[in-house]
file structure16.pdb (PDB, C-alpha atoms and all ligand atoms)
ATOM      1  CA  MET A   1     100.091 129.410  83.541
ATOM      2  CA  CYS A   2      97.083 128.193  85.466
ATOM      3  CA  ALA A   3      95.231 129.684  88.413
ATOM      4  CA  PHE A   4      96.139 128.166  91.779
ATOM      5  CA  HIS A   5      93.084 126.934  93.607
ATOM      6  CA  HIS A   6      92.297 127.051  97.286
ATOM      7  CA  CYS A   7      90.048 124.885  99.471
ATOM      8  CA  ASP A   8      86.475 125.071  98.161
ATOM      9  CA  VAL A   9      85.190 125.230 101.743
ATOM     10  CA  CYS A  10      87.506 127.529 103.708
ATOM     11  CA  GLY A  11      89.814 129.146 101.150
ATOM     12  CA  LEU A  12      93.042 127.902 102.782
ATOM     13  CA  ALA A  13      95.775 126.220 100.713
ATOM     14  CA  HIS A  14      94.532 122.908  99.369
ATOM     15  CA  VAL A  15      96.313 119.533  99.508
ATOM     16  CA  PHE A  16      93.899 117.650  97.280
ATOM     17  CA  THR A  17      92.547 118.227  93.798
ATOM     18  CA  SER A  18      90.241 115.522  92.498
ATOM     19  CA  HIS A  19      91.381 114.100  89.181
ATOM     20  CA  ASP A  20      88.270 115.492  87.475
ATOM     21  CA  ASN A  21      89.458 118.917  88.728
ATOM     22  CA  LYS A  22      86.125 119.603  90.395
ATOM     23  CA  ARG A  23      87.082 119.477  94.084
ATOM     24  CA  HIS A  24      89.895 121.271  95.915
ATOM     25  CA  LEU A  25      90.219 120.617  99.638
ATOM     26  CA  CYS A  26      92.577 121.538 102.461
ATOM     27  CA  SER A  27      93.756 118.837 104.852
ATOM     28  CA  SER A  28      90.998 119.207 107.437
ATOM     29  CA  HIS A  29      88.177 119.501 104.890
ATOM     30  CA  PHE A  30      89.532 116.538 102.952
ATOM     31  CA  ILE A  31      89.448 114.464 106.174
ATOM     32  CA  SER A  32      85.910 115.601 107.011
ATOM     33  CA  ASP A  33      84.740 114.906 103.439
ATOM     34  CA  ILE A  34      86.042 111.307 103.611
ATOM     35  CA  GLU A  35      84.620 110.807 107.102
ATOM     36  CA  SER A  36      81.155 112.061 106.193
ATOM     37  CA  ARG A  37      81.032 109.708 103.185
ATOM     38  CA  VAL A  38      82.235 106.660 105.131
ATOM     39  CA  PHE A  39      80.251 107.459 108.298
ATOM     40  CA  ASN A  40      77.078 107.454 106.163
ATOM     41  CA  GLU A  41      78.019 103.948 105.094
ATOM     42  CA  PHE A  42      78.647 102.921 108.739
ATOM     43  CA  SER A  43      75.196 104.275 109.653
ATOM     44  CA  ARG A  44      73.651 102.272 106.820
ATOM     45  CA  LEU A  45      75.366  99.125 108.130
ATOM     46  CA  SER A  46      74.155  99.823 111.655
ATOM     47  CA  VAL A  47      70.576 100.320 110.440
ATOM     48  CA  ALA A  48      70.897  97.065 108.463
ATOM     49  CA  GLY A  49      71.475  95.345 111.819
ATOM     50  CA  TYR A  50      75.234  94.708 111.803
ATOM     51  CA  LYS A  51      76.641  94.973 115.315
ATOM     52  CA  ARG A  52      79.555  92.557 115.702
ATOM     53  CA  VAL A  53      82.068  93.622 113.090
ATOM     54  CA  ILE A  54      85.402  92.000 112.340
ATOM     55  CA  ILE A  55      87.808  94.254 110.444
ATOM     56  CA  ALA A  56      89.985  92.278 108.035
ATOM     57  CA  PHE A  57      93.137  94.104 109.012
ATOM     58  CA  SER A  58      96.317  93.432 107.053
ATOM     59  CA  GLY A  59      98.210  96.454 108.385
ATOM     60  CA  GLY A  60      98.353  97.920 104.862
ATOM     61  CA  LYS A  61      97.116 101.412 104.106
ATOM     62  CA  ASP A  62      93.551 100.542 103.069
ATOM     63  CA  SER A  63      92.651  98.457 106.117
ATOM     64  CA  SER A  64      94.561 100.915 108.331
ATOM     65  CA  ALA A  65      92.430 103.765 106.971
ATOM     66  CA  LEU A  66      89.331 101.634 107.595
ATOM     67  CA  LEU A  67      90.407 100.958 111.187
ATOM     68  CA  GLU A  68      91.059 104.674 111.739
ATOM     69  CA  LEU A  69      87.597 105.524 110.350
ATOM     70  CA  PHE A  70      85.883 102.940 112.555
ATOM     71  CA  ALA A  71      87.791 104.256 115.598
ATOM     72  CA  ARG A  72      86.681 107.832 114.898
ATOM     73  CA  TYR A  73      83.082 106.787 114.248
ATOM     74  CA  GLN A  74      82.938 104.738 117.454
ATOM     75  CA  LYS A  75      83.921 107.854 119.451
ATOM     76  CA  ILE A  76      80.799 109.646 118.200
ATOM     77  CA  ASN A  77      78.483 106.680 117.833
ATOM     78  CA  PRO A  78      79.676 103.494 119.578
ATOM     79  CA  VAL A  79      77.228 101.119 117.938
ATOM     80  CA  PHE A  80      79.604  98.366 116.839
ATOM     81  CA  SER A  81      81.512  95.726 118.753
ATOM     82  CA  ILE A  82      84.774  95.524 116.810
ATOM     83  CA  THR A  83      87.730  93.158 116.633
ATOM     84  CA  ALA A  84      90.576  93.548 114.161
ATOM     85  CA  LEU A  85      91.592  90.253 112.561
ATOM     86  CA  THR A  86      94.981  89.879 110.883
ATOM     87  CA  ILE A  87      95.801  86.861 108.765
ATOM     88  CA  ASP A  88      99.479  85.902 108.705
ATOM     89  CA  GLU A  89      99.913  84.118 105.372
ATOM     90  CA  GLY A  90     103.530  83.264 106.116
ATOM     91  CA  ILE A  91     105.386  85.273 103.471
ATOM     92  CA  MET A  92     109.053  85.565 104.391
ATOM     93  CA  GLY A  93     110.415  89.126 104.392
ATOM     94  CA  TYR A  94     106.988  90.727 103.915
ATOM     95  CA  ARG A  95     104.411  89.791 106.498
ATOM     96  CA  ASP A  96     106.415  90.597 109.647
ATOM     97  CA  ALA A  97     106.534  94.328 108.817
ATOM     98  CA  CYS A  98     102.796  94.362 108.049
ATOM     99  CA  ILE A  99     101.943  92.593 111.302
ATOM    100  CA  GLU A 100     104.092  94.989 113.307
ATOM    101  CA  ALA A 101     102.244  97.951 111.704
ATOM    102  CA  ALA A 102      98.901  96.236 112.388
ATOM    103  CA  VAL A 103      99.696  95.620 116.071
ATOM    104  CA  THR A 104     100.827  99.251 116.535
ATOM    105  CA  LEU A 105      97.647 100.720 115.011
ATOM    106  CA  ALA A 106      95.266  98.311 116.759
ATOM    107  CA  ASN A 107      96.942  99.165 120.097
ATOM    108  CA  LYS A 108      96.731 102.903 119.372
ATOM    109  CA  HIS A 109      92.941 102.610 119.124
ATOM    110  CA  ALA A 110      92.655  99.969 121.875
ATOM    111  CA  PHE A 111      90.889  97.593 119.510
ATOM    112  CA  GLU A 112      90.807  93.892 120.295
ATOM    113  CA  HIS A 113      93.203  92.282 117.811
ATOM    114  CA  THR A 114      93.477  88.639 116.800
ATOM    115  CA  ILE A 115      96.194  87.208 114.548
ATOM    116  CA  LEU A 116      95.583  83.883 112.784
ATOM    117  CA  SER A 117      98.254  82.206 110.707
ATOM    118  CA  PHE A 118      98.048  79.955 107.659
ATOM    119  CA  SER A 119     100.520  77.634 109.391
ATOM    120  CA  ASN A 120      98.129  77.127 112.324
ATOM    121  CA  LEU A 121      95.002  76.837 110.178
ATOM    122  CA  PHE A 122      96.351  74.856 107.217
ATOM    123  CA  SER A 123      99.632  73.447 108.597
ATOM    124  CA  LYS A 124     101.546  75.297 105.861
ATOM    125  CA  THR A 125     102.602  78.843 105.069
ATOM    126  CA  LEU A 126     101.843  80.507 101.730
ATOM    127  CA  ASP A 127     105.567  80.188 100.925
ATOM    128  CA  ASP A 128     105.188  76.392 101.354
ATOM    129  CA  ALA A 129     101.959  76.294  99.328
ATOM    130  CA  VAL A 130     103.395  78.109  96.284
ATOM    131  CA  LYS A 131     106.883  76.593  96.352
ATOM    132  CA  ASN A 132     106.672  75.164  92.833
ATOM    133  CA  ASN A 133     103.968  77.466  91.553
ATOM    134  CA  CYS A 134     104.910  81.110  92.204
ATOM    135  CA  GLY A 135     103.043  82.293  89.112
ATOM    136  CA  ARG A 136      99.747  81.261  90.702
ATOM    137  CA  ALA A 137     100.494  82.670  94.160
ATOM    138  CA  CYS A 138      97.553  85.122  94.177
ATOM    139  CA  ALA A 139      95.147  82.424  92.944
ATOM    140  CA  ILE A 140      96.341  80.100  95.722
ATOM    141  CA  CYS A 141      96.460  82.782  98.436
ATOM    142  CA  GLY A 142      92.991  84.275  97.726
ATOM    143  CA  PRO A 143      90.874  81.223  98.660
ATOM    144  CA  MET A 144      93.128  80.429 101.654
ATOM    145  CA  ARG A 145      92.767  84.007 102.941
ATOM    146  CA  ARG A 146      89.000  83.921 102.468
ATOM    147  CA  LYS A 147      88.762  80.627 104.363
ATOM    148  CA  ALA A 148      91.015  81.951 107.133
ATOM    149  CA  LEU A 149      88.930  85.125 107.472
ATOM    150  CA  GLU A 150      85.706  83.116 107.507
ATOM    151  CA  GLU A 151      87.035  80.781 110.215
ATOM    152  CA  GLY A 152      88.424  83.640 112.292
ATOM    153  CA  ALA A 153      85.234  85.676 111.992
ATOM    154  CA  GLY A 154      83.190  82.607 112.980
ATOM    155  CA  LEU A 155      85.360  81.997 116.045
ATOM    156  CA  LEU A 156      84.980  85.649 117.034
ATOM    157  CA  GLY A 157      81.185  85.577 116.677
ATOM    158  CA  ALA A 158      81.016  88.128 113.861
ATOM    159  CA  ASP A 159      77.848  89.108 112.008
ATOM    160  CA  SER A 160      79.937  90.824 109.306
ATOM    161  CA  VAL A 161      83.500  91.124 108.036
ATOM    162  CA  ALA A 162      84.528  94.639 106.970
ATOM    163  CA  THR A 163      87.291  94.831 104.373
ATOM    164  CA  GLY A 164      89.288  97.810 103.102
ATOM    165  CA  HIS A 165      88.461  97.293  99.429
ATOM    166  CA  CYS A 166      88.198 100.622  97.647
ATOM    167  CA  LEU A 167      86.619 101.697  94.353
ATOM    168  CA  ASP A 168      89.750 100.783  92.393
ATOM    169  CA  ASP A 169      89.882  97.234  93.860
ATOM    170  CA  GLU A 170      86.204  96.680  93.154
ATOM    171  CA  ALA A 171      86.388  97.938  89.576
ATOM    172  CA  GLN A 172      89.463  95.746  88.935
ATOM    173  CA  SER A 173      87.626  92.689  90.243
ATOM    174  CA  ILE A 174      84.627  93.401  88.005
ATOM    175  CA  LEU A 175      86.787  93.690  84.883
ATOM    176  CA  MET A 176      88.845  90.615  85.847
ATOM    177  CA  ASN A 177      85.685  88.559  86.301
ATOM    178  CA  ILE A 178      84.456  89.718  82.890
ATOM    179  CA  LEU A 179      87.818  88.868  81.285
ATOM    180  CA  ARG A 180      87.727  85.412  82.892
ATOM    181  CA  GLY A 181      84.141  84.927  81.773
ATOM    182  CA  ASP A 182      83.168  84.322  85.395
ATOM    183  CA  GLY A 183      79.541  85.465  85.434
ATOM    184  CA  GLN A 184      78.835  83.757  88.751
ATOM    185  CA  LYS A 185      81.392  85.846  90.615
ATOM    186  CA  LEU A 186      80.200  88.972  88.849
ATOM    187  CA  MET A 187      76.650  88.326  90.077
ATOM    188  CA  ARG A 188      77.651  87.570  93.678
ATOM    189  CA  ASN A 189      76.825  90.372  96.094
ATOM    190  CA  PRO A 190      79.140  89.733  99.091
ATOM    191  CA  GLU A 191      76.877  91.653 101.449
ATOM    192  CA  LYS A 192      73.888  89.431 100.731
ATOM    193  CA  LYS A 193      73.262  86.962 103.568
ATOM    194  CA  ARG A 194      73.893  83.338 102.584
ATOM    195  CA  GLU A 195      73.543  80.180 104.605
ATOM    196  CA  GLY A 196      76.810  79.394 106.390
ATOM    197  CA  LEU A 197      78.646  82.515 105.181
ATOM    198  CA  ILE A 198      79.327  85.718 107.081
ATOM    199  CA  PRO A 199      78.453  88.798 104.955
ATOM    200  CA  ARG A 200      81.341  90.962 103.709
ATOM    201  CA  VAL A 201      80.893  94.707 103.907
ATOM    202  CA  LYS A 202      83.115  97.224 102.131
ATOM    203  CA  PRO A 203      82.683 100.701 103.608
ATOM    204  CA  LEU A 204      85.412 102.197 101.350
ATOM    205  CA  ARG A 205      84.033 100.794  98.108
ATOM    206  CA  LEU A 206      83.140 104.212  96.702
ATOM    207  CA  LEU A 207      86.445 105.901  97.590
ATOM    208  CA  HIS A 208      89.300 106.111  95.116
ATOM    209  CA  GLU A 209      92.515 104.430  96.255
ATOM    210  CA  ARG A 210      94.221 107.818  96.020
ATOM    211  CA  GLU A 211      91.686 109.237  98.490
ATOM    212  CA  VAL A 212      92.112 106.301 100.886
ATOM    213  CA  THR A 213      95.909 106.655 100.781
ATOM    214  CA  LEU A 214      95.788 110.403 101.326
ATOM    215  CA  TYR A 215      93.363 109.948 104.243
ATOM    216  CA  ALA A 216      95.732 107.403 105.820
ATOM    217  CA  MET A 217      98.686 109.778 105.352
ATOM    218  CA  LEU A 218      96.875 112.822 106.748
ATOM    219  CA  THR A 219      95.579 110.948 109.816
ATOM    220  CA  GLY A 220      98.890 109.266 110.668
ATOM    221  CA  SER A 221      97.627 105.762 109.932
ATOM    222  CA  TYR A 222      99.832 105.252 106.862
ATOM    223  CA  SER A 223     102.948 103.186 106.966
ATOM    224  CA  ILE A 224     105.091 102.334 103.967
ATOM    225  CA  LEU A 225     105.326  98.570 103.812
ATOM    226  CA  PRO A 226     107.307  96.351 101.467
ATOM    227  CA  PRO A 227     105.381  95.195  98.365
ATOM    228  CA  CYS A 228     104.121  91.606  98.422
ATOM    229  CA  PRO A 229     106.832  89.550  96.651
ATOM    230  CA  TYR A 230     104.150  87.616  94.759
ATOM    231  CA  ALA A 231     102.107  90.631  93.600
ATOM    232  CA  ALA A 232     104.198  91.335  90.484
ATOM    233  CA  SER A 233     102.931  88.150  88.874
ATOM    234  CA  ALA A 234      99.302  89.162  89.123
ATOM    235  CA  VAL A 235      97.151  89.886  86.057
ATOM    236  CA  ARG A 236      95.566  92.457  88.334
ATOM    237  CA  ASN A 237      98.540  94.783  87.743
ATOM    238  CA  GLU A 238      97.732  94.971  84.029
ATOM    239  CA  VAL A 239      94.032  95.500  84.696
ATOM    240  CA  ARG A 240      94.856  98.194  87.276
ATOM    241  CA  SER A 241      97.084 100.069  84.873
ATOM    242  CA  LEU A 242      94.458  99.949  82.111
ATOM    243  CA  LEU A 243      91.649 101.120  84.409
ATOM    244  CA  ASN A 244      93.756 103.881  85.994
ATOM    245  CA  SER A 245      94.557 105.224  82.568
ATOM    246  CA  LEU A 246      90.858 105.175  81.620
ATOM    247  CA  GLU A 247      89.875 106.792  84.922
ATOM    248  CA  TYR A 248      92.334 109.634  84.443
ATOM    249  CA  LYS A 249      91.217 110.345  80.882
ATOM    250  CA  HIS A 250      87.530 109.691  81.534
ATOM    251  CA  PRO A 251      86.801 110.424  85.207
ATOM    252  CA  GLY A 252      83.934 108.340  86.584
ATOM    253  CA  SER A 253      84.798 105.191  84.602
ATOM    254  CA  LEU A 254      85.459 103.142  87.755
ATOM    255  CA  LEU A 255      82.251 104.234  89.431
ATOM    256  CA  ARG A 256      80.285 103.373  86.287
ATOM    257  CA  LEU A 257      81.706  99.824  86.456
ATOM    258  CA  ILE A 258      80.475  99.543  90.068
ATOM    259  CA  ARG A 259      77.038 100.851  89.067
ATOM    260  CA  PHE A 260      76.990  98.351  86.198
ATOM    261  CA  GLN A 261      77.535  95.491  88.650
ATOM    262  CA  GLU A 262      74.881  96.864  91.018
ATOM    263  CA  SER A 263      72.414  96.984  88.128
ATOM    264  CA  LEU A 264      73.134  93.294  87.468
ATOM    265  CA  TRP A 265      72.447  92.498  91.137
ATOM    266  CA  SER A 266      69.152  94.364  91.193
ATOM    267  CA  ASN A 267      67.960  92.919  87.847
ATOM    268  CA  ARG A 268      68.664  89.462  89.167
ATOM    269  CA  ILE A 269      66.406  90.081  92.147
ATOM    270  CA  LYS A 270      63.599  91.304  89.841
ATOM    271  CA  ASN A 271      63.988  88.303  87.525
TER
ATOM    272  CA  MET B 272     115.620 122.687  87.592
ATOM    273  CA  VAL B 273     112.674 120.892  89.226
ATOM    274  CA  HIS B 274     113.522 117.399  90.547
ATOM    275  CA  LEU B 275     111.033 114.544  90.682
ATOM    276  CA  SER B 276     112.017 111.812  93.135
ATOM    277  CA  LEU B 277     110.274 108.596  92.078
ATOM    278  CA  PRO B 278     109.176 105.583  94.203
ATOM    279  CA  ASP B 279     112.009 103.470  92.723
ATOM    280  CA  LEU B 280     114.463 106.104  94.049
ATOM    281  CA  THR B 281     115.401 107.437  90.601
ATOM    282  CA  ILE B 282     115.428 111.213  90.235
ATOM    283  CA  ILE B 283     114.228 112.987  87.110
ATOM    284  CA  ASP B 284     115.516 116.509  86.469
ATOM    285  CA  THR B 285     112.932 118.449  84.519
ATOM    286  CA  GLY B 286     113.176 121.905  82.965
ATOM    287  CA  PRO B 287     113.503 125.118  85.011
ATOM    288  CA  GLY B 288     109.740 125.699  85.096
ATOM    289  CA  PRO B 289     107.456 127.192  86.132
ATOM    290  CA  SER B 290     105.390 124.106  85.386
ATOM    291  CA  ARG B 291     102.256 122.546  86.712
ATOM    292  CA  LEU B 292     103.146 119.325  88.560
ATOM    293  CA  ARG B 293     100.437 117.359  86.777
ATOM    294  CA  ASP B 294     101.977 118.298  83.395
ATOM    295  CA  LEU B 295     105.458 117.241  84.580
ATOM    296  CA  LEU B 296     104.080 113.854  85.632
ATOM    297  CA  ILE B 297     102.364 113.273  82.296
ATOM    298  CA  GLU B 298     105.510 114.348  80.384
ATOM    299  CA  ASN B 299     107.347 111.624  82.330
ATOM    300  CA  SER B 300     104.708 108.930  81.673
ATOM    301  CA  ILE B 301     103.370 108.972  85.258
ATOM    302  CA  ASN B 302      99.591 108.834  85.648
ATOM    303  CA  PRO B 303      98.661 111.592  88.155
ATOM    304  CA  TYR B 304      95.744 109.419  89.308
ATOM    305  CA  GLU B 305      98.241 106.877  90.693
ATOM    306  CA  VAL B 306     100.378 109.161  92.838
ATOM    307  CA  ILE B 307     100.465 111.524  95.796
ATOM    308  CA  LEU B 308     103.087 114.275  95.887
ATOM    309  CA  THR B 309     105.078 115.881  98.676
ATOM    310  CA  LYS B 310     107.338 118.934  98.739
ATOM    311  CA  ASN B 311     109.555 119.374 101.815
ATOM    312  CA  SER B 312     107.562 116.509 103.424
ATOM    313  CA  GLU B 313     104.277 118.432 102.989
ATOM    314  CA  ILE B 314     101.542 116.970 100.788
ATOM    315  CA  VAL B 315     100.912 119.148  97.759
ATOM    316  CA  PRO B 316      98.205 118.963  95.066
ATOM    317  CA  ASP B 317      99.128 118.073  91.500
ATOM    318  CA  ASP B 318      97.879 121.411  90.162
ATOM    319  CA  LEU B 319     100.648 123.201  92.088
ATOM    320  CA  GLU B 320     103.084 125.222  89.994
ATOM    321  CA  VAL B 321     106.727 124.491  90.705
ATOM    322  CA  ALA B 322     109.932 126.191  89.642
ATOM    323  CA  GLY B 323     113.584 126.689  90.535
ATOM    324  CA  GLU B 324     115.185 123.922  92.571
ATOM    325  CA  ASP B 325     111.946 122.433  93.929
ATOM    326  CA  CYS B 326     112.247 118.733  94.780
ATOM    327  CA  ILE B 327     109.013 116.772  94.590
ATOM    328  CA  ARG B 328     108.635 113.281  96.021
ATOM    329  CA  VAL B 329     106.284 111.050  94.046
ATOM    330  CA  ILE B 330     104.497 108.421  96.186
ATOM    331  CA  ASP B 331     102.839 105.493  94.447
ATOM    332  CA  VAL B 332      99.348 105.039  95.939
ATOM    333  CA  VAL B 333      99.263 101.359  95.053
ATOM    334  CA  HIS B 334     102.558 100.146  96.440
ATOM    335  CA  GLY B 335     103.688 103.037  98.643
ATOM    336  CA  GLY B 336     107.298 104.192  98.501
TER
HETATM  337 ZN    ZN A 401      89.358 123.869 103.937
END

call {"tool": "encode", "arguments": {"input": "structure16.pdb", "output": "structure tokens", "more": "lines below"}}
Ligand SMILES: [Zn+2]
result
Amino acid sequence: MCAFHHCDVCGLAHVFTSHDNKRHLCSSHFISDIESRVFNEFSRLSVAGYKRVIIAFSGGKDSSALLELFARYQKINPVFSITALTIDEGIMGYRDACIEAAVTLANKHAFEHTILSFSNLFSKTLDDAVKNNCGRACAICGPMRRKALEEGAGLLGADSVATGHCLDDEAQSILMNILRGDGQKLMRNPEKKREGLIPRVKPLRLLHEREVTLYAMLTGSYSILPPCPYAASAVRNEVRSLLNSLEYKHPGSLLRLIRFQESLWSNRIKN
Amino acid sequence: MVHLSLPDLTIIDTGPGPSRLRDLLIENSINPYEVILTKNSEIVPDDLEVAGEDCIRVIDVVHGG
């Protein structure tokens, strides 16, 4: 038998126990904990001079949580001019549900919302592009999505593109770049200003995916969407499973990977 | 008998309990870091003790469901 914990702050029944067992929070204190962490990041971005922010908004749970957080921050501190940008890759039986969820949430918060499609930008859908090459769908989709976001953000006059990448996504990308031997990608800090490229900012990059999902569920911004039909082929699934297992057994592993990459970035500047 | 309802719609019947949810997940090869749990549509933490005929829905944080 084990002792049942209560919220560390108010003593009410908790809904969240961190996987390192150190934090127990009720619904409202979990929401305020997430908001204080992400609002600090928003303040940092504002101080860094970002004003015209485009949210890369797929309608999935991570970008929906990000949109919700921006909406709540703007009520207290309306420092950003925000447009949500949804890219329609053209994936039959998948994208329509995501776009419907995206439109609903953007309307709820009265955000400007622009939808750009692969078929308009590239004269082909992702389904067309991967017709004979399903196994490489993610490798084909990634650069097309990045180009679409860049074009959309440019058209909308953005000084930054905010994405919903969380700690888990970032750690997976670091390990995948190491496994591919891609040192250049590992060394690239997306927030650093480069000629001709709009900086990417990732306000959720220090939140676990489990925290982002729970925040979306508790704030009513979570919708269950169908899985991407191409995702099963991704190497990322294997990397995710490996890292999640490590994170559960050795809490802090993901964050240490992020810190490792940051140390590479700062050493590069010194050198 | 505690029932775990998984994202792929299968249902696992575990022992009568009482058991800590986190232990039930691990016994069934589910990483607690990858899931959120609900009981009667309410979110519950994975250190909750369950018993009797409790039915727990397991939601996959990566893919939903
Ligand atoms: Zn509380």

call {"tool": "residues_around", "arguments": {"input": "structure16.pdb", "residues": "A:Lys147", "least_positions_apart": "4", "cutoff": "12 Å", "atoms": "only C-alpha atoms", "output": "list of chain:residue names"}}
result
A:Ile87, A:Glu89, A:Leu116, A:Ser117, A:Phe118, A:Leu121, A:Phe122, A:Ile140, A:Cys141, A:Gly142, A:Pro143, A:Glu151, A:Gly152, A:Ala153, A:Gly154, A:Leu197, A:Ile198

call {"tool": "resolve_selection", "arguments": {"input": "structure16.pdb", "expression": "the PyMOL selection byres (((chain A and resi 205-219) around 9) and not hetatm)", "output": "ChimeraX atom specification"}}
result
/A:16,18,27-28,30-31,34,37-38,61-62,64-66,68,164-170,201-204,220-223,254-255,258 /B:304-307,314,332-333,335

call {"tool": "residues_around", "arguments": {"input": "structure16.pdb", "residues": "stretch 278-295 of chain B", "least_positions_apart": "5", "cutoff": "9 Å", "atoms": "all atoms listed in the file", "output": "PyMOL selection string"}}
result
(chain A and resi 1-2) or (chain B and resi 272-273+300-303+308+316-324+327-331+334-336)

call {"tool": "atom_distance", "arguments": {"input": "structure16.pdb", "atom1": "atom CA of A:Gly59", "atom2": "atom CA of A:Ala137"}}
result
19.9 Å

call {"tool": "interface_residues", "arguments": {"input": "structure16.pdb", "of": "chain A", "to": "chain B", "cutoff": "7 Å", "atoms": "all atoms listed in the file", "output": "list in words"}}
result
Phe4, His14, Val15, Phe16, Thr17, His19, Glu209, Arg210, Thr213, Ile224, Pro227, Asn244, Ser245 and Tyr248 of chain A

call {"tool": "residues_near_ligand", "arguments": {"input": "structure16.pdb", "ligand": "ligand ZN 401 (chain A)", "cutoff": "7 Å", "atoms": "all atoms listed in the file", "output": "list in words"}}
result
Cys7, Asp8, Val9, Cys10, Gly11, Leu12, His14, Leu25, Cys26, Ser27, Ser28 and His29 of chain A

call {"tool": "atom_distance", "arguments": {"input": "structure16.pdb", "atom1": "atom CA of B:Leu296", "atom2": "atom CA of A:Tyr94"}}
result
29.6 Å

call {"tool": "axis_aligned_box", "arguments": {"input": "structure16.pdb", "around": "stretch 316-334 of chain B", "padding_each_side": "3 Å", "output": "AutoDock Vina command-line options"}}
result
--center_x 106.5 --center_y 113.4 --center_z 93.0 --size_x 23.3 --size_y 32.5 --size_z 12.8

call {"tool": "atom_distance", "arguments": {"input": "structure16.pdb", "atom1": "atom CA of A:Cys138", "atom2": "atom CA of A:Gln172"}}
result
14.3 Å

call {"tool": "closest_residue", "arguments": {"input": "structure16.pdb", "among": "A:Arg236, A:Gly90, A:Ser160, A:Ala148", "to": "A:Arg194", "atoms": "only C-alpha atoms"}}
result
A:Ser160

call {"tool": "resolve_selection", "arguments": {"input": "structure16.pdb", "expression": "the PyMOL selection byres (((chain A and resi 174-191) around 7) and not hetatm)", "output": "PyMOL selection string"}}
result
chain A and resi 170-173+192-193+199-201+264-265

call {"tool": "decode", "arguments": {"input": "structure16.pdb", "residues": "stretch 199-236 of chain A", "atoms": "C-alpha atoms", "output": "PDB file, in the first residue's frame"}}
result
ATOM      1  CA  PRO A 199      13.355  32.615 -36.523  1.00  0.00           C
ATOM      2  CA  ARG A 200      11.490  29.650 -35.006  1.00  0.00           C
ATOM      3  CA  VAL A 201      10.574  29.884 -31.349  1.00  0.00           C
ATOM      4  CA  LYS A 202       9.416  26.943 -29.241  1.00  0.00           C
ATOM      5  CA  PRO A 203       7.741  28.138 -26.044  1.00  0.00           C
ATOM      6  CA  LEU A 204       6.839  24.559 -24.965  1.00  0.00           C
ATOM      7  CA  ARG A 205      10.319  23.129 -25.446  1.00  0.00           C
ATOM      8  CA  LEU A 206      10.849  22.478 -21.737  1.00  0.00           C
ATOM      9  CA  LEU A 207       7.451  20.857 -21.111  1.00  0.00           C
ATOM     10  CA  HIS A 208       6.979  17.105 -21.259  1.00  0.00           C
ATOM     11  CA  GLU A 209       4.474  15.922 -23.865  1.00  0.00           C
ATOM     12  CA  ARG A 210       2.428  14.425 -21.033  1.00  0.00           C
ATOM     13  CA  GLU A 211       2.197  17.870 -19.413  1.00  0.00           C
ATOM     14  CA  VAL A 212       1.214  19.542 -22.696  1.00  0.00           C
ATOM     15  CA  THR A 213      -1.495  16.929 -23.316  1.00  0.00           C
ATOM     16  CA  LEU A 214      -2.866  17.205 -19.795  1.00  0.00           C
ATOM     17  CA  TYR A 215      -2.911  21.016 -20.060  1.00  0.00           C
ATOM     18  CA  ALA A 216      -4.848  20.768 -23.341  1.00  0.00           C
ATOM     19  CA  MET A 217      -7.325  18.329 -21.760  1.00  0.00           C
ATOM     20  CA  LEU A 218      -7.849  20.400 -18.609  1.00  0.00           C
ATOM     21  CA  THR A 219      -8.367  23.655 -20.542  1.00  0.00           C
ATOM     22  CA  GLY A 220     -10.754  22.193 -23.128  1.00  0.00           C
ATOM     23  CA  SER A 221      -8.356  22.677 -26.032  1.00  0.00           C
ATOM     24  CA  TYR A 222      -7.774  18.952 -26.608  1.00  0.00           C
ATOM     25  CA  SER A 223      -9.425  17.081 -29.393  1.00  0.00           C
ATOM     26  CA  ILE A 224      -8.744  13.469 -30.289  1.00  0.00           C
ATOM     27  CA  LEU A 225      -7.700  13.410 -33.916  1.00  0.00           C
ATOM     28  CA  PRO A 226      -6.925  10.471 -36.175  1.00  0.00           C
ATOM     29  CA  PRO A 227      -3.223   9.494 -36.302  1.00  0.00           C
ATOM     30  CA  CYS A 228      -1.316  10.574 -39.412  1.00  0.00           C
ATOM     31  CA  PRO A 229      -1.474   7.571 -41.792  1.00  0.00           C
ATOM     32  CA  TYR A 230       2.207   8.043 -42.656  1.00  0.00           C
ATOM     33  CA  ALA A 231       3.506   8.361 -39.075  1.00  0.00           C
ATOM     34  CA  ALA A 232       3.841   4.608 -38.455  1.00  0.00           C
ATOM     35  CA  SER A 233       6.712   4.424 -40.918  1.00  0.00           C
ATOM     36  CA  ALA A 234       8.806   6.958 -39.060  1.00  0.00           C
ATOM     37  CA  VAL A 235      12.089   6.051 -37.341  1.00  0.00           C
ATOM     38  CA  ARG A 236      10.975   8.657 -34.836  1.00  0.00           C
TER      39      ARG A 236
END
